[in-house]
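Chemist: Contents of my_file_5.txt (compact mmCIF, C-alpha atoms and all ligand atoms) are given next:
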```txt
# COMPACT_ATOMS: atom_id res chain seq x y z
CA MET B 1 16.85 19.90 -70.16
CA GLY B 2 14.88 21.89 -67.54
CA ASN B 3 13.73 24.38 -70.17
CA SER B 4 13.25 21.98 -73.02
CA PRO B 5 9.99 22.64 -74.86
CA PHE B 6 9.47 18.86 -74.71
CA ARG B 7 9.66 18.47 -70.94
CA LEU B 8 6.71 16.40 -69.86
CA ALA B 9 4.24 16.63 -67.01
CA ARG B 10 5.58 15.39 -63.69
CA ARG B 11 2.77 12.87 -63.39
CA LEU B 12 3.89 11.20 -66.61
CA ARG B 13 7.34 10.56 -65.19
CA GLU B 14 5.67 8.30 -62.64
CA VAL B 15 3.94 6.25 -65.30
CA ARG B 16 5.74 3.21 -66.62
CA PRO B 17 5.47 2.18 -70.24
CA SER B 18 3.29 -0.91 -70.53
CA PRO B 19 5.53 -4.00 -70.92
CA THR B 20 2.56 -5.90 -72.33
CA LEU B 21 2.08 -3.38 -75.09
CA SER B 22 5.76 -3.36 -76.04
CA LEU B 23 5.85 -7.17 -76.18
CA LEU B 24 2.65 -7.21 -78.21
CA ALA B 25 4.16 -4.66 -80.59
CA LYS B 26 7.23 -6.85 -81.03
CA ALA B 27 5.05 -9.90 -81.63
CA LYS B 28 2.90 -8.02 -84.14
CA SER B 29 5.93 -6.82 -86.07
CA LEU B 30 7.29 -10.40 -86.23
CA ALA B 31 3.91 -11.61 -87.51
CA ALA B 32 3.87 -8.77 -90.07
CA GLN B 33 7.26 -9.97 -91.31
CA GLY B 34 5.62 -13.31 -92.06
CA VAL B 35 7.09 -15.15 -89.04
CA ASP B 36 4.94 -18.15 -88.04
CA LEU B 37 4.16 -16.96 -84.54
CA VAL B 38 1.95 -18.52 -81.86
CA SER B 39 0.53 -15.73 -79.75
CA PHE B 40 -0.75 -16.34 -76.24
CA ALA B 41 -0.58 -12.60 -75.62
CA ALA B 42 -4.04 -11.47 -76.69
CA GLY B 43 -6.38 -9.82 -74.21
CA GLU B 44 -9.42 -10.13 -76.44
CA PRO B 45 -11.62 -12.98 -77.66
CA ASP B 46 -10.69 -14.42 -81.05
CA PHE B 47 -14.42 -14.77 -81.81
CA ASP B 48 -16.28 -12.48 -84.15
CA THR B 49 -18.72 -9.95 -82.69
CA PRO B 50 -22.20 -11.57 -82.74
CA GLU B 51 -24.02 -10.91 -86.02
CA HIS B 52 -27.06 -9.24 -84.43
CA VAL B 53 -24.75 -6.80 -82.64
CA LYS B 54 -22.99 -5.85 -85.88
CA GLU B 55 -26.37 -5.51 -87.62
CA ALA B 56 -27.56 -3.08 -84.95
CA ALA B 57 -24.48 -0.90 -85.51
CA ILE B 58 -24.98 -1.02 -89.29
CA ALA B 59 -28.68 -0.16 -88.96
CA ALA B 60 -27.78 2.79 -86.72
CA LEU B 61 -25.25 4.05 -89.27
CA ARG B 62 -27.77 3.71 -92.12
CA ALA B 63 -30.37 5.56 -90.08
CA GLY B 64 -27.91 8.45 -89.71
CA PHE B 65 -27.28 7.88 -86.00
CA THR B 66 -23.84 9.40 -86.39
CA LYS B 67 -23.88 12.55 -84.27
CA TYR B 68 -22.96 13.49 -80.72
CA THR B 69 -25.11 11.92 -78.03
CA ALA B 70 -25.44 12.87 -74.37
CA THR B 71 -22.04 12.48 -72.67
CA ALA B 72 -23.32 9.77 -70.32
CA GLY B 73 -24.78 7.70 -73.16
CA ILE B 74 -28.15 7.39 -74.88
CA PRO B 75 -31.07 6.96 -72.45
CA GLU B 76 -31.95 3.65 -74.12
CA LEU B 77 -28.52 2.18 -73.31
CA ARG B 78 -28.37 3.58 -69.77
CA ALA B 79 -31.77 2.00 -69.13
CA ALA B 80 -30.67 -1.30 -70.72
CA ILE B 81 -27.60 -1.36 -68.45
CA ALA B 82 -29.67 -0.53 -65.34
CA ASN B 83 -32.03 -3.37 -66.33
CA LYS B 84 -29.13 -5.77 -66.86
CA LEU B 85 -27.66 -4.92 -63.46
CA LYS B 86 -31.03 -5.56 -61.84
CA ARG B 87 -31.92 -8.69 -63.85
CA GLU B 88 -28.56 -10.46 -63.86
CA ASN B 89 -26.78 -9.04 -60.83
CA GLY B 90 -29.62 -8.15 -58.47
CA LEU B 91 -28.24 -4.61 -58.12
CA SER B 92 -30.55 -1.59 -58.17
CA PHE B 93 -29.26 1.46 -60.01
CA ALA B 94 -31.35 4.18 -61.66
CA PRO B 95 -30.35 4.86 -65.30
CA GLU B 96 -28.98 8.24 -64.07
CA GLN B 97 -26.49 6.32 -61.96
CA VAL B 98 -24.99 4.76 -65.09
CA LEU B 99 -22.20 6.46 -67.06
CA VAL B 100 -21.32 4.89 -70.41
CA SER B 101 -17.73 5.39 -71.55
CA CYS B 102 -15.26 4.40 -74.27
CA GLY B 103 -14.43 1.07 -72.63
CA ALA B 104 -14.26 -0.03 -69.01
CA LYS B 105 -10.78 1.45 -69.17
CA GLN B 106 -12.21 4.94 -69.48
CA SER B 107 -14.75 4.19 -66.74
CA LEU B 108 -11.87 3.37 -64.38
CA TYR B 109 -9.86 6.34 -65.58
CA ASN B 110 -12.80 8.68 -64.92
CA PHE B 111 -13.18 7.16 -61.47
CA PHE B 112 -9.59 7.81 -60.41
CA GLN B 113 -9.53 11.28 -61.98
CA ALA B 114 -12.73 12.23 -60.20
CA LEU B 115 -11.64 10.85 -56.84
CA LEU B 116 -7.94 11.31 -56.24
CA SER B 117 -5.73 14.16 -55.13
CA GLU B 118 -2.02 14.02 -54.46
CA GLY B 119 -1.21 11.67 -51.58
CA ASP B 120 -4.46 9.73 -51.83
CA GLU B 121 -4.01 5.97 -51.78
CA VAL B 122 -5.71 3.18 -53.67
CA VAL B 123 -5.35 -0.44 -52.61
CA ILE B 124 -4.70 -2.88 -55.45
CA PHE B 125 -4.15 -6.61 -55.17
CA ALA B 126 -1.23 -8.18 -57.04
CA PRO B 127 -1.08 -9.83 -59.51
CA TYR B 128 -3.06 -6.95 -61.00
CA TRP B 129 -4.18 -5.70 -64.36
CA VAL B 130 -1.33 -3.46 -65.51
CA SER B 131 -3.46 -0.33 -65.90
CA TYR B 132 -4.70 0.01 -62.31
CA PRO B 133 -1.51 1.34 -60.71
CA GLU B 134 -0.66 3.51 -63.71
CA MET B 135 -4.12 5.07 -63.80
CA VAL B 136 -3.83 5.84 -60.10
CA ARG B 137 -0.43 7.48 -60.73
CA LEU B 138 -1.86 9.49 -63.63
CA ALA B 139 -4.41 10.87 -61.19
CA ASP B 140 -1.60 11.88 -58.77
CA GLY B 141 -2.57 9.08 -56.41
CA THR B 142 -0.41 6.39 -54.82
CA PRO B 143 -1.06 2.71 -55.49
CA VAL B 144 -0.71 0.50 -52.40
CA ILE B 145 -0.05 -3.04 -53.57
CA ILE B 146 -1.05 -6.09 -51.56
CA GLU B 147 0.45 -9.36 -52.71
CA THR B 148 -1.73 -12.43 -53.04
CA SER B 149 -0.30 -15.89 -53.59
CA GLU B 150 -0.77 -18.85 -55.85
CA GLU B 151 -0.95 -21.12 -52.74
CA ASP B 152 -3.96 -19.14 -51.50
CA GLY B 153 -5.62 -19.18 -54.92
CA TYR B 154 -4.89 -15.45 -55.16
CA VAL B 155 -7.46 -14.73 -52.47
CA PRO B 156 -6.51 -11.60 -50.50
CA ASP B 157 -5.63 -11.99 -46.84
CA PRO B 158 -8.07 -9.82 -44.84
CA ARG B 159 -5.41 -9.08 -42.20
CA GLN B 160 -3.07 -7.75 -44.83
CA LEU B 161 -5.88 -5.63 -46.24
CA SER B 162 -6.64 -4.30 -42.79
CA ARG B 163 -2.99 -3.30 -42.31
CA ALA B 164 -2.84 -1.58 -45.72
CA LEU B 165 -5.86 0.65 -45.12
CA SER B 166 -5.07 4.09 -43.78
CA ALA B 167 -6.67 7.50 -43.44
CA ARG B 168 -5.34 8.19 -46.93
CA THR B 169 -7.05 5.19 -48.53
CA ARG B 170 -9.72 6.47 -50.91
CA ALA B 171 -10.55 3.25 -52.73
CA VAL B 172 -9.95 -0.49 -52.97
CA VAL B 173 -9.97 -2.15 -56.38
CA LEU B 174 -11.50 -5.61 -56.76
CA ASN B 175 -11.34 -7.61 -59.97
CA SER B 176 -12.83 -11.09 -60.18
CA PRO B 177 -12.46 -13.07 -62.38
CA THR B 178 -9.02 -11.58 -62.33
CA ASN B 179 -6.67 -10.52 -65.08
CA PRO B 180 -3.99 -12.01 -65.13
CA THR B 181 -4.56 -15.04 -62.87
CA GLY B 182 -8.10 -16.05 -63.85
CA ALA B 183 -8.81 -16.46 -60.13
CA VAL B 184 -12.35 -15.96 -58.87
CA LEU B 185 -13.18 -14.60 -55.42
CA SER B 186 -15.77 -16.82 -53.75
CA ARG B 187 -18.68 -15.34 -51.80
CA GLN B 188 -16.82 -16.30 -48.60
CA ALA B 189 -13.67 -14.50 -49.71
CA LEU B 190 -15.68 -11.42 -50.68
CA GLY B 191 -17.47 -11.58 -47.34
CA ARG B 192 -14.15 -11.49 -45.47
CA ILE B 193 -13.01 -8.48 -47.54
CA ALA B 194 -16.34 -6.76 -46.90
CA ALA B 195 -15.97 -7.31 -43.14
CA VAL B 196 -12.68 -5.38 -43.21
CA LEU B 197 -13.98 -2.62 -45.49
CA ARG B 198 -17.00 -1.98 -43.26
CA GLY B 199 -14.64 -0.44 -40.75
CA HIS B 200 -13.08 2.00 -43.25
CA ASP B 201 -14.55 4.99 -45.04
CA CYS B 202 -13.27 4.25 -48.51
CA LEU B 203 -14.88 3.55 -51.84
CA ILE B 204 -14.85 0.17 -53.53
CA VAL B 205 -14.51 -0.28 -57.24
CA THR B 206 -15.42 -3.70 -58.54
CA ASP B 207 -14.18 -4.36 -62.07
CA ASP B 208 -16.57 -7.06 -63.30
CA ILE B 209 -15.41 -7.07 -66.92
CA TYR B 210 -14.80 -10.87 -66.91
CA GLU B 211 -18.13 -11.63 -65.23
CA LYS B 212 -19.38 -13.83 -68.07
CA LEU B 213 -16.12 -15.73 -68.49
CA LEU B 214 -16.70 -18.04 -65.60
CA TYR B 215 -16.04 -21.81 -65.48
CA LEU B 216 -17.59 -22.58 -62.11
CA PRO B 217 -21.03 -23.98 -61.33
CA GLU B 218 -21.73 -21.10 -58.91
CA PRO B 219 -23.20 -17.94 -60.40
CA PHE B 220 -21.12 -14.77 -60.56
CA ALA B 221 -21.05 -12.61 -57.43
CA ASP B 222 -19.29 -9.35 -56.62
CA ILE B 223 -18.88 -7.55 -53.30
CA ALA B 224 -22.16 -5.66 -53.69
CA ASN B 225 -24.02 -8.99 -53.89
CA VAL B 226 -22.34 -10.34 -50.80
CA ALA B 227 -22.45 -7.09 -48.81
CA PRO B 228 -25.42 -5.01 -50.01
CA ASP B 229 -24.76 -2.56 -47.16
CA LEU B 230 -21.59 -1.51 -49.04
CA LEU B 231 -23.46 -0.76 -52.29
CA PRO B 232 -23.82 2.98 -51.46
CA ARG B 233 -20.04 3.30 -51.68
CA THR B 234 -19.39 0.79 -54.45
CA VAL B 235 -18.82 1.57 -58.11
CA VAL B 236 -19.52 -1.33 -60.47
CA VAL B 237 -17.47 -1.28 -63.67
CA ASN B 238 -18.25 -3.54 -66.58
CA GLY B 239 -18.24 -3.43 -70.36
CA PHE B 240 -18.88 -5.11 -73.68
CA SER B 241 -15.34 -5.95 -74.81
CA LYS B 242 -14.82 -9.39 -73.34
CA ALA B 243 -18.30 -10.90 -73.00
CA PHE B 244 -19.54 -9.81 -76.43
CA SER B 245 -16.26 -9.77 -78.32
CA MET B 246 -16.65 -6.03 -78.89
CA THR B 247 -13.18 -4.74 -77.98
CA GLY B 248 -13.00 -2.40 -80.97
CA PHE B 249 -16.36 -0.82 -80.23
CA ARG B 250 -14.83 0.73 -77.10
CA LEU B 251 -17.78 0.59 -74.76
CA GLY B 252 -17.88 0.13 -71.02
CA TYR B 253 -19.77 1.58 -68.11
CA ALA B 254 -19.75 2.48 -64.45
CA ALA B 255 -22.72 2.42 -62.09
CA GLY B 256 -22.49 3.95 -58.67
CA PRO B 257 -23.38 6.71 -56.22
CA ARG B 258 -25.00 9.68 -58.01
CA GLU B 259 -22.51 12.34 -56.86
CA LEU B 260 -19.53 10.31 -57.91
CA ILE B 261 -21.06 9.36 -61.27
CA ALA B 262 -21.76 13.09 -61.87
CA ALA B 263 -18.12 13.91 -61.09
CA MET B 264 -16.94 11.12 -63.40
CA GLN B 265 -19.20 12.54 -66.08
CA SER B 266 -17.52 15.95 -65.66
CA VAL B 267 -14.18 14.30 -66.41
CA GLN B 268 -15.66 12.68 -69.49
CA ASP B 269 -17.45 15.92 -70.55
CA GLN B 270 -14.05 17.57 -70.84
CA SER B 271 -12.16 14.67 -72.37
CA THR B 272 -14.04 12.51 -74.87
CA SER B 273 -17.71 13.50 -74.45
CA ASN B 274 -19.98 10.64 -75.50
CA PRO B 275 -18.91 7.15 -76.49
CA THR B 276 -19.46 6.42 -80.20
CA SER B 277 -23.13 6.87 -81.13
CA PHE B 278 -23.72 3.78 -83.29
CA ALA B 279 -21.63 1.56 -80.98
CA GLN B 280 -24.12 2.42 -78.24
CA LYS B 281 -26.98 1.07 -80.36
CA ALA B 282 -24.97 -2.13 -80.85
CA ALA B 283 -24.49 -2.37 -77.08
CA VAL B 284 -28.26 -2.26 -76.52
CA ALA B 285 -28.57 -5.20 -78.96
CA ALA B 286 -25.78 -7.04 -77.10
CA LEU B 287 -27.58 -6.75 -73.77
CA GLU B 288 -31.08 -7.41 -75.01
CA GLY B 289 -30.55 -9.78 -77.94
CA PRO B 290 -29.75 -13.51 -77.98
CA GLN B 291 -27.00 -14.59 -75.58
CA GLU B 292 -26.18 -17.91 -77.31
CA PRO B 293 -23.10 -16.65 -79.20
CA MET B 294 -21.52 -15.69 -75.88
CA GLU B 295 -22.47 -18.98 -74.27
CA ARG B 296 -20.88 -20.91 -77.14
CA MET B 297 -17.73 -18.84 -76.80
CA VAL B 298 -17.50 -19.49 -73.05
CA ALA B 299 -17.92 -23.26 -73.60
CA GLU B 300 -15.08 -23.22 -76.14
CA PHE B 301 -12.86 -21.21 -73.79
CA LYS B 302 -13.47 -23.77 -71.06
CA SER B 303 -12.22 -26.69 -73.16
CA ARG B 304 -9.24 -24.69 -74.42
CA ARG B 305 -8.42 -23.83 -70.81
CA ASP B 306 -8.41 -27.50 -69.87
CA ARG B 307 -6.08 -28.36 -72.74
CA LEU B 308 -3.69 -25.49 -72.08
CA VAL B 309 -3.53 -26.19 -68.33
CA SER B 310 -2.85 -29.90 -68.80
CA GLY B 311 -0.32 -29.22 -71.57
CA LEU B 312 1.57 -26.72 -69.43
CA ASN B 313 1.57 -29.02 -66.41
CA ALA B 314 3.10 -31.76 -68.56
CA ILE B 315 6.19 -29.59 -69.11
CA GLU B 316 8.88 -30.09 -66.48
CA GLY B 317 9.57 -26.83 -64.63
CA ILE B 318 6.11 -25.37 -65.27
CA ARG B 319 3.18 -25.55 -62.85
CA CYS B 320 -0.21 -24.16 -63.74
CA ARG B 321 -3.36 -23.91 -61.61
CA SER B 322 -6.62 -24.07 -63.48
CA PRO B 323 -8.13 -20.59 -63.77
CA GLU B 324 -11.77 -20.41 -62.68
CA GLY B 325 -12.53 -17.48 -64.96
CA ALA B 326 -11.33 -14.97 -67.59
CA PHE B 327 -9.26 -16.35 -70.47
CA TYR B 328 -5.77 -16.46 -69.05
CA CYS B 329 -3.51 -19.14 -67.61
CA PHE B 330 -0.88 -17.88 -65.20
CA PRO B 331 1.71 -20.65 -64.94
CA ASN B 332 4.46 -20.62 -62.35
CA VAL B 333 7.81 -20.79 -64.17
CA GLU B 334 10.09 -20.13 -61.19
CA PRO B 335 12.06 -23.38 -61.67
CA LEU B 336 13.09 -22.15 -65.14
CA ILE B 337 14.55 -18.88 -63.87
CA GLY B 338 18.30 -19.34 -63.46
CA ARG B 339 18.54 -22.17 -65.99
CA ARG B 340 20.74 -21.47 -68.98
CA PHE B 341 19.95 -21.02 -72.63
CA LYS B 342 23.10 -21.32 -74.77
CA GLY B 343 25.15 -20.64 -71.64
CA GLN B 344 23.22 -17.53 -70.61
CA PRO B 345 21.21 -17.73 -67.37
CA ILE B 346 17.55 -16.72 -67.58
CA THR B 347 17.24 -13.69 -65.35
CA GLY B 348 13.47 -13.44 -64.93
CA SER B 349 10.04 -13.66 -66.54
CA MET B 350 10.79 -10.81 -68.95
CA HIS B 351 13.91 -12.61 -70.16
CA LEU B 352 11.98 -15.86 -70.49
CA SER B 353 9.25 -14.10 -72.53
CA GLU B 354 11.91 -12.62 -74.79
CA LEU B 355 13.48 -16.03 -75.30
CA LEU B 356 10.12 -17.60 -76.04
CA LEU B 357 9.40 -14.90 -78.60
CA GLY B 358 12.84 -14.81 -80.20
CA GLU B 359 13.72 -18.52 -80.13
CA ALA B 360 10.42 -20.41 -80.01
CA LYS B 361 8.24 -17.84 -81.79
CA VAL B 362 5.73 -17.94 -78.96
CA ALA B 363 4.34 -14.73 -77.44
CA ALA B 364 3.54 -14.84 -73.71
CA VAL B 365 3.40 -11.90 -71.33
CA PRO B 366 5.87 -11.85 -68.40
CA GLY B 367 4.37 -12.00 -64.91
CA LEU B 368 6.55 -9.05 -63.95
CA ALA B 369 4.15 -6.80 -65.90
CA PHE B 370 1.41 -7.73 -63.45
CA GLY B 371 3.52 -7.43 -60.33
CA ALA B 372 4.31 -11.18 -60.13
CA GLU B 373 7.83 -12.28 -61.02
CA GLY B 374 8.26 -15.99 -61.78
CA TYR B 375 5.07 -16.30 -63.83
CA LEU B 376 3.87 -15.94 -67.41
CA ARG B 377 0.43 -15.01 -68.66
CA LEU B 378 -0.85 -17.12 -71.52
CA SER B 379 -4.23 -16.25 -72.98
CA PHE B 380 -6.33 -18.95 -74.57
CA CYS B 381 -7.88 -16.51 -77.03
CA THR B 382 -6.37 -18.54 -79.81
CA SER B 383 -7.32 -21.67 -81.75
CA ARG B 384 -6.86 -25.22 -80.43
CA GLU B 385 -4.34 -25.86 -83.22
CA ALA B 386 -2.32 -22.82 -82.13
CA ILE B 387 -2.46 -24.03 -78.52
CA GLU B 388 -1.05 -27.44 -79.54
CA LYS B 389 1.67 -25.85 -81.63
CA GLY B 390 2.51 -23.35 -78.89
CA LEU B 391 2.72 -26.07 -76.25
CA SER B 392 5.17 -28.15 -78.26
CA ARG B 393 7.31 -25.10 -78.98
CA ILE B 394 7.43 -24.14 -75.28
CA SER B 395 8.23 -27.72 -74.41
CA GLU B 396 11.12 -27.80 -76.91
CA LEU B 397 12.58 -24.55 -75.61
CA VAL B 398 12.34 -25.73 -72.00
CA ALA B 399 14.04 -29.02 -72.96
CA ALA B 400 16.90 -27.02 -74.46
CA LEU B 401 17.58 -25.25 -71.14
CA ALA B 402 20.42 -26.46 -69.00
C1 LIG N 501 -9.27 -6.29 -65.74
C2 LIG N 501 -9.62 -5.44 -66.90
N1 LIG N 501 -10.38 -4.36 -66.71
C3 LIG N 501 -10.72 -3.55 -67.73
C4 LIG N 501 -10.28 -3.79 -69.01
C5 LIG N 501 -10.67 -2.80 -70.08
O1 LIG N 501 -11.62 -3.24 -70.99
P1 LIG N 501 -12.26 -2.28 -72.05
O2 LIG N 501 -11.69 -0.91 -71.90
O3 LIG N 501 -11.97 -2.86 -73.39
O4 LIG N 501 -13.74 -2.27 -71.74
C6 LIG N 501 -9.48 -4.90 -69.26
C7 LIG N 501 -8.95 -5.15 -70.63
O5 LIG N 501 -8.00 -5.84 -70.84
C8 LIG N 501 -9.15 -5.75 -68.18
O6 LIG N 501 -8.37 -6.84 -68.37
```
Give the structure from the file, written as structure tokens.

Modeler:
Amino acid sequence: MGNSPFRLARRLREVRPSPTLSLLAKAKSLAAQGVDLVSFAAGEPDFDTPEHVKEAAIAALRAGFTKYTATAGIPELRAAIANKLKRENGLSFAPEQVLVSCGAKQSLYNFFQALLSEGDEVVIFAPYWVSYPEMVRLADGTPVIIETSEEDGYVPDPRQLSRALSARTRAVVLNSPTNPTGAVLSRQALGRIAAVLRGHDCLIVTDDIYEKLLYLPEPFADIANVAPDLLPRTVVVNGFSKAFSMTGFRLGYAAGPRELIAAMQSVQDQSTSNPTSFAQKAAVAALEGPQEPMERMVAEFKSRRDRLVSGLNAIEGIRCRSPEGAFYCFPNVEPLIGRRFKGQPITGSMHLSELLLGEAKVAAVPGLAFGAEGYLRLSFCTSREAIEKGLSRISELVAALA
């Protein structure tokens, strides 16, 4: 096989196929076959994109705004993002420090490609969003995973962080509210992380994509708010997908130190160039137009969360903490592992997800995908009726276990 014309790049051999995507594909094909499926697998709001945002895209199309733009985004959008970061987050970035990309995913990808060489390490907290470690591997870097626990509310232990940092550490990834746990890092927790990072010369990337999906009375804060002295080596990543229900527009952004943003732009120059022209116009409308549609969506998510959490906790063998943000529940299902379905022992979260899909027609993502065996991720981006139906199906399957 050494000389096969199809042999792939070495870096790809390190990358694992996304278990979430394969499960989603299976669920989609069942739904396409007409199976009455309840899906808790979605990673996107089930709300329509706000009307004024769609209108802005349509107006841009009609006006012929359909050509290449500057790679980093139209000046109007970069300025609107810099204004948003100042107004809502109290962070000062010049528009030139903002790079608009095809989703926060590309922003993060650009970051790792611009920063990492072979042997460079990036610290990631588990449970983590599946793409972080794979993106690091695709950039020839090495992910260093630090476990966090349900008991500690998924707050990282500063001593563990301190031990994980080395001369090879180039960056630490923070994500709060967190996918998949919905946990939110308090100002105190961020302060303790900042105290450790002050002693190490690495970059910090804060993925704030779930910023608006917050169910706490306290306002959102990231590490740059708590430790402004770290801002010169912090890259803020955010986007339009989750807050504005704009996943298909593919728009996200990074704001950070000029040199790094310029290097990230070089990566984008040679890969995709600019994000879609008319989507950028829609993004300006999202930031500067009425925010009520988003506020209504967040209120609905909060009551769905409460229902899903209480429903899951009512099922014997399942324990679910209430997520403070994002739109995911991350129930502990450890007591179910090892129980038998039709004589066969359940071997882990992947097996349980397969059983739920095959037997109960419920799609839920296994915790294993996020580096946390013994858990499932259930998104509440689905109707209240679907949540009720899904809960009774899960409950029936669990009752059938021996
Ligand atoms: C933690 C996290 N970061 C980034 C993204 C990427 O968002 P997008 O590329 O749609 O902006 C996601 C999407 O699921 C996510 O969960």

Chemist: Using all atoms listed in the file - which residues lie no farther than 6 Å from the point (-13.6, -22.3, -69.4) in the file's frame? Write them as a VMD selection string.

Modeler: chain B and resid 215 301 to 303 305

Chemist: For B:Ala171, which of B:Ala254, B:Val130, B:Cys202, B:Leu378 is the closest residue, counting only C-alpha atoms?

Modeler: B:Cys202

Chemist: What's around stretch 79-82 of chain B at 9 Å? Count all atoms listed in the file, leave out sequence neighbours fewer than 6 positions away in its own chain, and write the answer as a VMD selection string.

Modeler: chain B and resid 91 to 98 253 255 283 to 284 287 to 288

Chemist: Ligand LIG 501 (chain N): which residues are within 9 Å, counting only C-alpha atoms and all ligand atoms, as number ranges by chain?

Modeler: B: 43-44, 101-108, 128-132, 175-180, 207-210, 237-242, 246-253, 326

Chemist: Would you save the residues of that selection, restricted to C-alpha atoms, as a PDB file, keeping the file's coordinate frame?

Modeler:
```pdb
ATOM      1  CA  GLY B  43      -6.380  -9.820 -74.210  1.00  0.00           C
ATOM      2  CA  GLU B  44      -9.420 -10.130 -76.440  1.00  0.00           C
ATOM      3  CA  SER B 101     -17.730   5.390 -71.550  1.00  0.00           C
ATOM      4  CA  CYS B 102     -15.260   4.400 -74.270  1.00  0.00           C
ATOM      5  CA  GLY B 103     -14.430   1.070 -72.630  1.00  0.00           C
ATOM      6  CA  ALA B 104     -14.260  -0.030 -69.010  1.00  0.00           C
ATOM      7  CA  LYS B 105     -10.780   1.450 -69.170  1.00  0.00           C
ATOM      8  CA  GLN B 106     -12.210   4.940 -69.480  1.00  0.00           C
ATOM      9  CA  SER B 107     -14.750   4.190 -66.740  1.00  0.00           C
ATOM     10  CA  LEU B 108     -11.870   3.370 -64.380  1.00  0.00           C
ATOM     11  CA  TYR B 128      -3.060  -6.950 -61.000  1.00  0.00           C
ATOM     12  CA  TRP B 129      -4.180  -5.700 -64.360  1.00  0.00           C
ATOM     13  CA  VAL B 130      -1.330  -3.460 -65.510  1.00  0.00           C
ATOM     14  CA  SER B 131      -3.460  -0.330 -65.900  1.00  0.00           C
ATOM     15  CA  TYR B 132      -4.700   0.010 -62.310  1.00  0.00           C
ATOM     16  CA  ASN B 175     -11.340  -7.610 -59.970  1.00  0.00           C
ATOM     17  CA  SER B 176     -12.830 -11.090 -60.180  1.00  0.00           C
ATOM     18  CA  PRO B 177     -12.460 -13.070 -62.380  1.00  0.00           C
ATOM     19  CA  THR B 178      -9.020 -11.580 -62.330  1.00  0.00           C
ATOM     20  CA  ASN B 179      -6.670 -10.520 -65.080  1.00  0.00           C
ATOM     21  CA  PRO B 180      -3.990 -12.010 -65.130  1.00  0.00           C
ATOM     22  CA  ASP B 207     -14.180  -4.360 -62.070  1.00  0.00           C
ATOM     23  CA  ASP B 208     -16.570  -7.060 -63.300  1.00  0.00           C
ATOM     24  CA  ILE B 209     -15.410  -7.070 -66.920  1.00  0.00           C
ATOM     25  CA  TYR B 210     -14.800 -10.870 -66.910  1.00  0.00           C
ATOM     26  CA  VAL B 237     -17.470  -1.280 -63.670  1.00  0.00           C
ATOM     27  CA  ASN B 238     -18.250  -3.540 -66.580  1.00  0.00           C
ATOM     28  CA  GLY B 239     -18.240  -3.430 -70.360  1.00  0.00           C
ATOM     29  CA  PHE B 240     -18.880  -5.110 -73.680  1.00  0.00           C
ATOM     30  CA  SER B 241     -15.340  -5.950 -74.810  1.00  0.00           C
ATOM     31  CA  LYS B 242     -14.820  -9.390 -73.340  1.00  0.00           C
ATOM     32  CA  MET B 246     -16.650  -6.030 -78.890  1.00  0.00           C
ATOM     33  CA  THR B 247     -13.180  -4.740 -77.980  1.00  0.00           C
ATOM     34  CA  GLY B 248     -13.000  -2.400 -80.970  1.00  0.00           C
ATOM     35  CA  PHE B 249     -16.360  -0.820 -80.230  1.00  0.00           C
ATOM     36  CA  ARG B 250     -14.830   0.730 -77.100  1.00  0.00           C
ATOM     37  CA  LEU B 251     -17.780   0.590 -74.760  1.00  0.00           C
ATOM     38  CA  GLY B 252     -17.880   0.130 -71.020  1.00  0.00           C
ATOM     39  CA  TYR B 253     -19.770   1.580 -68.110  1.00  0.00           C
ATOM     40  CA  ALA B 326     -11.330 -14.970 -67.590  1.00  0.00           C
TER      41      ALA B 326
END
```

Chemist: In terms of the shortest atom-to-atom distance over all atoms listed in the file, which of B:Ser392, B:Asn225, B:Thr181, B:Asn274 is closest to B:Tyr375?

Modeler: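 That would be B:Thr181, the residue with the smallest distance to B:Tyr375.
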
Chemist: Adding 5 Å on each side of the box along x, y and z that holds all listed atoms of stretch 371-378 of chain B, could you give its centre and edge lengths in Å to one decimal, as JSON?

Modeler:
```
{"center_x": 3.7, "center_y": -12.3, "center_z": -65.8, "size_x": 19.1, "size_y": 19.7, "size_z": 21.4}
```
